[in-house]
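What follows is the content of structure35.cif (mmCIF, C-alpha atoms).
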data_upload
loop_
_atom_site.label_atom_id
_atom_site.label_comp_id
_atom_site.auth_asym_id
_atom_site.auth_seq_id
_atom_site.Cartn_x
_atom_site.Cartn_y
_atom_site.Cartn_z
CA MET X 1 -88.09 47.22 -155.84
CA LYS X 2 -90.24 48.80 -158.57
CA LEU X 3 -93.37 46.80 -159.33
CA ALA X 4 -95.86 47.21 -162.17
CA ILE X 5 -99.36 45.73 -161.98
CA GLN X 6 -101.66 44.76 -164.85
CA ILE X 7 -105.35 44.05 -164.22
CA ASN X 8 -107.41 42.42 -166.97
CA GLU X 9 -110.65 41.72 -165.10
CA GLY X 10 -113.51 43.92 -163.97
CA PRO X 11 -114.51 44.41 -160.33
CA TYR X 12 -117.16 41.96 -159.06
CA THR X 13 -116.35 39.54 -161.90
CA HIS X 14 -114.22 36.95 -160.13
CA GLU X 15 -111.60 38.03 -157.67
CA ALA X 16 -108.74 39.67 -159.57
CA SER X 17 -109.39 43.28 -158.54
CA VAL X 18 -109.47 42.34 -154.86
CA SER X 19 -106.38 40.11 -155.21
CA ALA X 20 -104.55 42.98 -156.91
CA LEU X 21 -105.63 45.39 -154.16
CA ASN X 22 -104.35 42.96 -151.52
CA TYR X 23 -101.10 42.54 -153.40
CA VAL X 24 -100.53 46.28 -153.85
CA LYS X 25 -101.26 46.92 -150.16
CA ALA X 26 -98.81 44.18 -149.11
CA ALA X 27 -96.16 45.50 -151.52
CA VAL X 28 -96.50 49.08 -150.24
CA ALA X 29 -96.36 47.81 -146.63
CA ALA X 30 -93.11 45.98 -147.47
CA GLY X 31 -91.61 49.24 -148.77
CA HIS X 32 -91.77 48.52 -152.51
CA GLU X 33 -92.65 51.13 -155.10
CA ILE X 34 -95.71 50.58 -157.27
CA PHE X 35 -94.58 52.17 -160.52
CA ARG X 36 -98.03 51.91 -162.11
CA VAL X 37 -101.27 49.93 -162.10
CA PHE X 38 -102.48 49.42 -165.66
CA PHE X 39 -106.14 48.50 -166.22
CA TYR X 40 -106.66 46.60 -169.45
CA HIS X 41 -109.60 44.79 -171.11
CA ASP X 42 -112.55 44.51 -168.64
CA GLY X 43 -110.15 45.80 -165.96
CA VAL X 44 -111.03 49.35 -167.08
CA ASN X 45 -114.36 48.91 -165.27
CA ASN X 46 -112.44 49.41 -162.01
CA GLY X 47 -112.10 53.07 -162.96
CA THR X 48 -115.68 54.38 -162.85
CA ARG X 49 -116.79 56.50 -159.91
CA PHE X 50 -120.45 55.62 -160.67
CA THR X 51 -120.30 52.17 -159.04
CA THR X 52 -122.59 51.97 -156.01
CA PRO X 53 -122.26 48.56 -154.37
CA PRO X 54 -124.31 47.83 -151.22
CA GLN X 55 -122.89 49.65 -148.18
CA ASP X 56 -121.70 46.45 -146.51
CA ASP X 57 -119.87 45.41 -149.68
CA VAL X 58 -116.33 46.38 -150.71
CA ASN X 59 -116.34 49.44 -152.95
CA ILE X 60 -113.51 48.43 -155.24
CA ALA X 61 -113.30 51.68 -157.26
CA ASN X 62 -113.16 53.73 -154.04
CA SER X 63 -110.50 51.39 -152.65
CA TRP X 64 -108.28 52.09 -155.66
CA SER X 65 -108.88 55.85 -155.42
CA GLN X 66 -108.00 55.81 -151.71
CA LEU X 67 -104.88 53.75 -152.32
CA ALA X 68 -103.78 56.12 -155.10
CA LYS X 69 -104.31 59.10 -152.81
CA ASP X 70 -102.53 57.58 -149.81
CA HIS X 71 -99.49 56.30 -151.68
CA LYS X 72 -99.40 58.41 -154.88
CA ILE X 73 -99.97 55.40 -157.12
CA ASP X 74 -100.41 55.97 -160.86
CA LEU X 75 -103.66 54.28 -161.99
CA VAL X 76 -103.90 54.12 -165.78
CA VAL X 77 -106.89 52.94 -167.80
CA CYS X 78 -106.31 51.73 -171.38
CA VAL X 79 -107.99 54.22 -173.72
CA ALA X 80 -109.14 51.74 -176.39
CA ALA X 81 -110.56 49.34 -173.80
CA ALA X 82 -112.19 52.32 -171.99
CA GLN X 83 -113.87 53.66 -175.14
CA ARG X 84 -115.43 50.26 -175.82
CA ARG X 85 -116.78 50.06 -172.26
CA GLY X 86 -117.87 53.66 -171.67
CA ILE X 87 -115.17 54.77 -169.24
CA VAL X 88 -114.80 58.49 -169.96
CA ASP X 89 -112.72 61.36 -168.56
CA GLU X 90 -113.07 65.05 -169.42
CA GLY X 91 -110.69 64.86 -172.39
CA GLU X 92 -112.43 61.82 -173.87
CA GLN X 93 -115.83 63.42 -173.21
CA LYS X 94 -114.88 66.42 -175.37
CA ARG X 95 -113.07 64.37 -177.99
CA ASN X 96 -115.96 61.95 -178.50
CA GLY X 97 -118.83 64.41 -177.89
CA LYS X 98 -120.24 62.60 -174.84
CA ASP X 99 -122.69 64.18 -172.36
CA GLY X 100 -120.68 63.35 -169.26
CA ASN X 101 -117.74 61.51 -167.75
CA ASN X 102 -117.33 58.89 -165.06
CA ILE X 103 -113.61 58.45 -164.34
CA ALA X 104 -112.90 57.86 -160.65
CA ASP X 105 -110.47 59.95 -158.59
CA GLY X 106 -106.85 58.99 -159.07
CA PHE X 107 -107.39 57.26 -162.43
CA ARG X 108 -106.28 58.59 -165.79
CA ILE X 109 -106.95 57.37 -169.31
CA SER X 110 -103.94 56.76 -171.53
CA GLY X 111 -102.54 54.39 -174.13
CA LEU X 112 -101.04 50.92 -174.19
CA GLY X 113 -97.58 52.49 -174.33
CA GLN X 114 -98.01 53.15 -170.60
CA LEU X 115 -98.10 49.39 -169.99
CA ILE X 116 -94.99 48.82 -172.09
CA GLU X 117 -93.19 51.66 -170.30
CA ALA X 118 -94.23 50.27 -166.91
CA ALA X 119 -92.92 46.82 -167.89
CA ILE X 120 -89.59 48.31 -168.99
CA GLN X 121 -89.15 50.67 -166.05
CA SER X 122 -90.20 48.20 -163.35
CA ASP X 123 -88.30 45.21 -161.96
CA ARG X 124 -91.39 42.99 -162.11
CA LEU X 125 -94.74 43.00 -163.92
CA ILE X 126 -97.47 41.11 -162.08
CA THR X 127 -100.69 40.31 -163.96
CA PHE X 128 -104.09 39.69 -162.40
CA GLY X 129 -107.33 38.67 -164.06
CA ASP X 130 -108.90 36.32 -166.59
CA MET A 1 -83.03 32.42 -163.53
CA SER A 2 -86.08 31.51 -161.52
CA THR A 3 -89.71 32.21 -162.22
CA LEU A 4 -92.79 32.56 -160.08
CA HIS A 5 -95.80 31.07 -161.86
CA THR A 6 -99.25 32.17 -160.69
CA VAL A 7 -102.41 30.14 -161.29
CA ASN A 8 -105.72 31.78 -160.36
CA LYS A 9 -108.30 29.47 -161.96
CA SER A 10 -109.66 26.16 -160.70
CA PRO A 11 -108.08 23.14 -162.46
CA PHE A 12 -111.68 21.93 -162.96
CA GLU A 13 -112.54 25.07 -164.93
CA LYS A 14 -109.39 25.64 -166.99
CA ASN A 15 -106.29 23.62 -167.78
CA SER A 16 -103.91 26.44 -166.81
CA LEU A 17 -102.51 24.57 -163.76
CA GLU A 18 -101.68 21.48 -165.83
CA THR A 19 -100.14 23.60 -168.61
CA CYS A 20 -98.18 25.58 -166.04
CA VAL A 21 -96.60 22.59 -164.26
CA ARG A 22 -95.93 20.86 -167.59
CA LEU A 23 -93.99 23.83 -168.96
CA ALA A 24 -92.45 25.38 -165.84
CA ALA A 25 -88.72 24.74 -165.40
CA LYS A 26 -87.31 22.76 -162.47
CA GLY A 27 -86.67 25.02 -159.50
CA SER A 28 -89.63 27.28 -160.32
CA THR A 29 -92.23 28.30 -157.79
CA VAL A 30 -95.94 27.82 -158.51
CA LEU A 31 -98.46 29.85 -156.53
CA MET A 32 -102.14 28.84 -156.59
CA TYR A 33 -104.55 31.57 -155.54
CA GLU A 34 -108.21 32.59 -156.01
CA ASP A 35 -110.07 29.51 -157.42
CA GLY A 36 -106.63 28.06 -158.20
CA VAL A 37 -106.43 26.88 -154.57
CA TYR A 38 -108.64 23.87 -155.44
CA GLY A 39 -105.57 22.44 -157.18
CA ALA A 40 -103.82 22.09 -153.82
CA MET A 41 -106.32 19.58 -152.41
CA LYS A 42 -105.77 15.88 -151.79
CA GLY A 43 -107.69 13.26 -153.76
CA THR A 44 -108.61 15.32 -156.82
CA ALA A 45 -108.17 14.49 -160.49
CA VAL A 46 -105.11 16.77 -160.64
CA ALA A 47 -103.50 15.61 -157.38
CA ASP A 48 -101.00 13.36 -159.18
CA THR A 49 -100.00 16.20 -161.50
CA VAL A 50 -99.34 18.46 -158.53
CA LYS A 51 -97.48 15.68 -156.66
CA THR A 52 -95.18 15.29 -159.67
CA ALA A 53 -94.61 19.06 -159.74
CA LEU A 54 -93.73 19.01 -156.04
CA LYS A 55 -90.71 16.80 -156.80
CA THR A 56 -89.00 19.54 -158.82
CA MET A 57 -90.73 22.78 -157.85
CA GLN A 58 -91.88 24.71 -154.84
CA VAL A 59 -95.70 24.78 -154.74
CA CYS A 60 -97.49 27.42 -152.68
CA VAL A 61 -101.15 28.14 -152.02
CA MET A 62 -102.80 31.37 -150.84
CA GLY A 63 -104.01 30.92 -147.25
CA PRO A 64 -106.72 33.63 -147.20
CA ASP A 65 -108.20 32.18 -150.43
CA LEU A 66 -108.29 28.69 -148.86
CA LYS A 67 -110.04 30.13 -145.82
CA ALA A 68 -112.59 31.97 -147.99
CA ARG A 69 -113.50 28.61 -149.54
CA GLY A 70 -113.57 26.66 -146.27
CA ILE A 71 -110.64 24.45 -147.23
CA ASP A 72 -108.81 23.17 -144.17
CA ALA A 73 -105.01 22.81 -144.24
CA ALA A 74 -105.49 19.09 -143.47
CA LYS A 75 -107.03 18.65 -146.94
CA LEU A 76 -103.90 19.88 -148.72
CA LEU A 77 -101.36 17.71 -150.48
CA ASP A 78 -98.19 17.14 -148.45
CA GLY A 79 -95.38 19.57 -149.25
CA ILE A 80 -97.54 22.49 -150.31
CA LYS A 81 -96.65 25.68 -148.50
CA VAL A 82 -99.46 27.97 -147.30
CA VAL A 83 -98.63 31.65 -147.87
CA ASP A 84 -100.26 35.08 -147.53
CA TYR A 85 -100.13 38.27 -149.61
CA SER A 86 -96.89 39.51 -148.03
CA ASP A 87 -95.33 36.16 -149.03
CA PHE A 88 -96.73 36.64 -152.57
CA VAL A 89 -94.84 39.96 -152.72
CA LYS A 90 -91.69 38.28 -151.34
CA LEU A 91 -91.94 35.47 -153.92
CA SER A 92 -92.29 37.95 -156.78
CA VAL A 93 -89.20 39.80 -155.56
CA GLU A 94 -87.11 36.66 -154.94
CA ASN A 95 -87.82 35.25 -158.40
CA ASP A 96 -86.55 36.99 -161.54
CA LYS A 97 -89.88 36.94 -163.34
CA VAL A 98 -93.57 36.48 -162.62
CA GLN A 99 -95.60 34.51 -165.16
CA ALA A 100 -99.38 34.61 -164.80
CA TRP A 101 -101.24 31.59 -166.23
CA LEU A 102 -104.64 33.12 -166.92
#
I'd like the structure from this file rewritten - as structure tokens, please.
Amino acid sequence: MKLAIQINEGPYTHEASVSALNYVKAAVAAGHEIFRVFFYHDGVNNGTRFTTPPQDDVNIANSWSQLAKDHKIDLVVCVAAAQRRGIVDEGEQKRNGKDGNNIADGFRISGLGQLIEAAIQSDRLITFGD
Amino acid sequence: MSTLHTVNKSPFEKNSLETCVRLAAKGSTVLMYEDGVYGAMKGTAVADTVKTALKTMQVCVMGPDLKARGIDAAKLLDGIKVVDYSDFVKLSVENDKVQAWL
């Protein structure tokens, strides 16, 4: 079955990012396809490679990047939410004249249409967060 | 038409559990996870609400989230099913829709 995931909460806020990671891992293990993970609102904070949690702590951004790499999962960050919170890729860096970018491996910045498309194309949309 | 309802906040922080069980149709499944697992305990202010829901709905609670909070299965209301993340995936596939009560 095709599953789409929406995450509305940042990492290290409550528990949503970790719950979503657990869910995606379980879904992949059961043979389901993750059509897309869409990061919305504070959820976009999952997509910065500049997070440096203590070494004995879960690195949530790295966990997403690894998962995307291992299972070719499309991780999409909402552009409007990202601009507000300083999540920047190369394209956005140029477009907005910023002095750097911080998008993590496996993530891409795109529009809300990607969430709508994921909801239409997938059999289920599962939402995590506040 | 069946729906899986997910509740991830404590019933003592938000009223999403009460709203969920009030509006969910008979035959639905309600899954409490994250801080939502506090709603599955015996003797709380929402225990009667959950007991009423149990008459017409399946109520599940996330086992790993109970364990993380030190809640023993003996403290749960009778009839609540303890599940894990693979069960969460199964529930979302078995039901037609997944409604998150945030």
*Taking all atoms listed in the file into account, which residues of chain A are within 7 Å of chain X, as a list in words?*
Glu34, Tyr85, Ser86, Val89, Lys97, Val98, Ala100 and Leu102 of chain A
_Which residues are near Val50 of chain A? Cut-off 10 Å, all atoms listed in the file, ignore same chain within fewer than 6 positions. Put them as an NGL selection string._
:A and (17-18 or 21-22 or 30 or 39-42 or 44 or 57 or 59 or 77 or 80)
_Rounded to one decimal, what separation in Å do you get between atom CA of Phe88 of chain A and atom CA of Pro64 of chain A?_
11.7 Å
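Between atom CA of Asn15 of chain A and atom CA of Lys90 of chain A there is a distance of 26.4 Å.
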Expand the PyMOL selection byres ((chain A and resi 32) around 6) into the explicit residue set it covers here, and present it as a short mmCIF file (atom, residue, chain, number, x, y, z; two decimals) with C-alpha atoms, keeping the file's coordinate frame.
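So the final result, stored in result-v4.cif, reads:
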data_model
loop_
_atom_site.label_atom_id
_atom_site.label_comp_id
_atom_site.auth_asym_id
_atom_site.auth_seq_id
_atom_site.Cartn_x
_atom_site.Cartn_y
_atom_site.Cartn_z
CA VAL A 7 -102.41 30.14 -161.29
CA ASN A 8 -105.72 31.78 -160.36
CA LEU A 31 -98.46 29.85 -156.53
CA TYR A 33 -104.55 31.57 -155.54
CA GLY A 36 -106.63 28.06 -158.20
CA VAL A 37 -106.43 26.88 -154.57
CA VAL A 61 -101.15 28.14 -152.02
#
*In Å, how far is it from atom CA of Ser110 of chain X to atom CA of Val93 of chain A?*
27.6 Å
_Running the PyMOL selection byres ((chain A and resi 82) around 8) on this model by hand, what would come out? Give it as number ranges by chain._
A: 60-63, 80-81, 83-84
*asked:* I'd like the contact shell of segment 103-105 of chain X - 6 Å cut-off, only C-alpha atoms, skipping same-chain residues fewer than 4 positions apart - returned as a list of chain:residue names.
replied: X:Gly47, X:Thr48, X:Arg49, X:Ser65, X:Val88, X:Asp89
*Any chance you could resolve the PyMOL selection byres ((chain X and resi 116) around 12) against this file and give the residues as a PyMOL selection string?*
chain X and resi 4-6+36-38+78+110-115+117-122+125
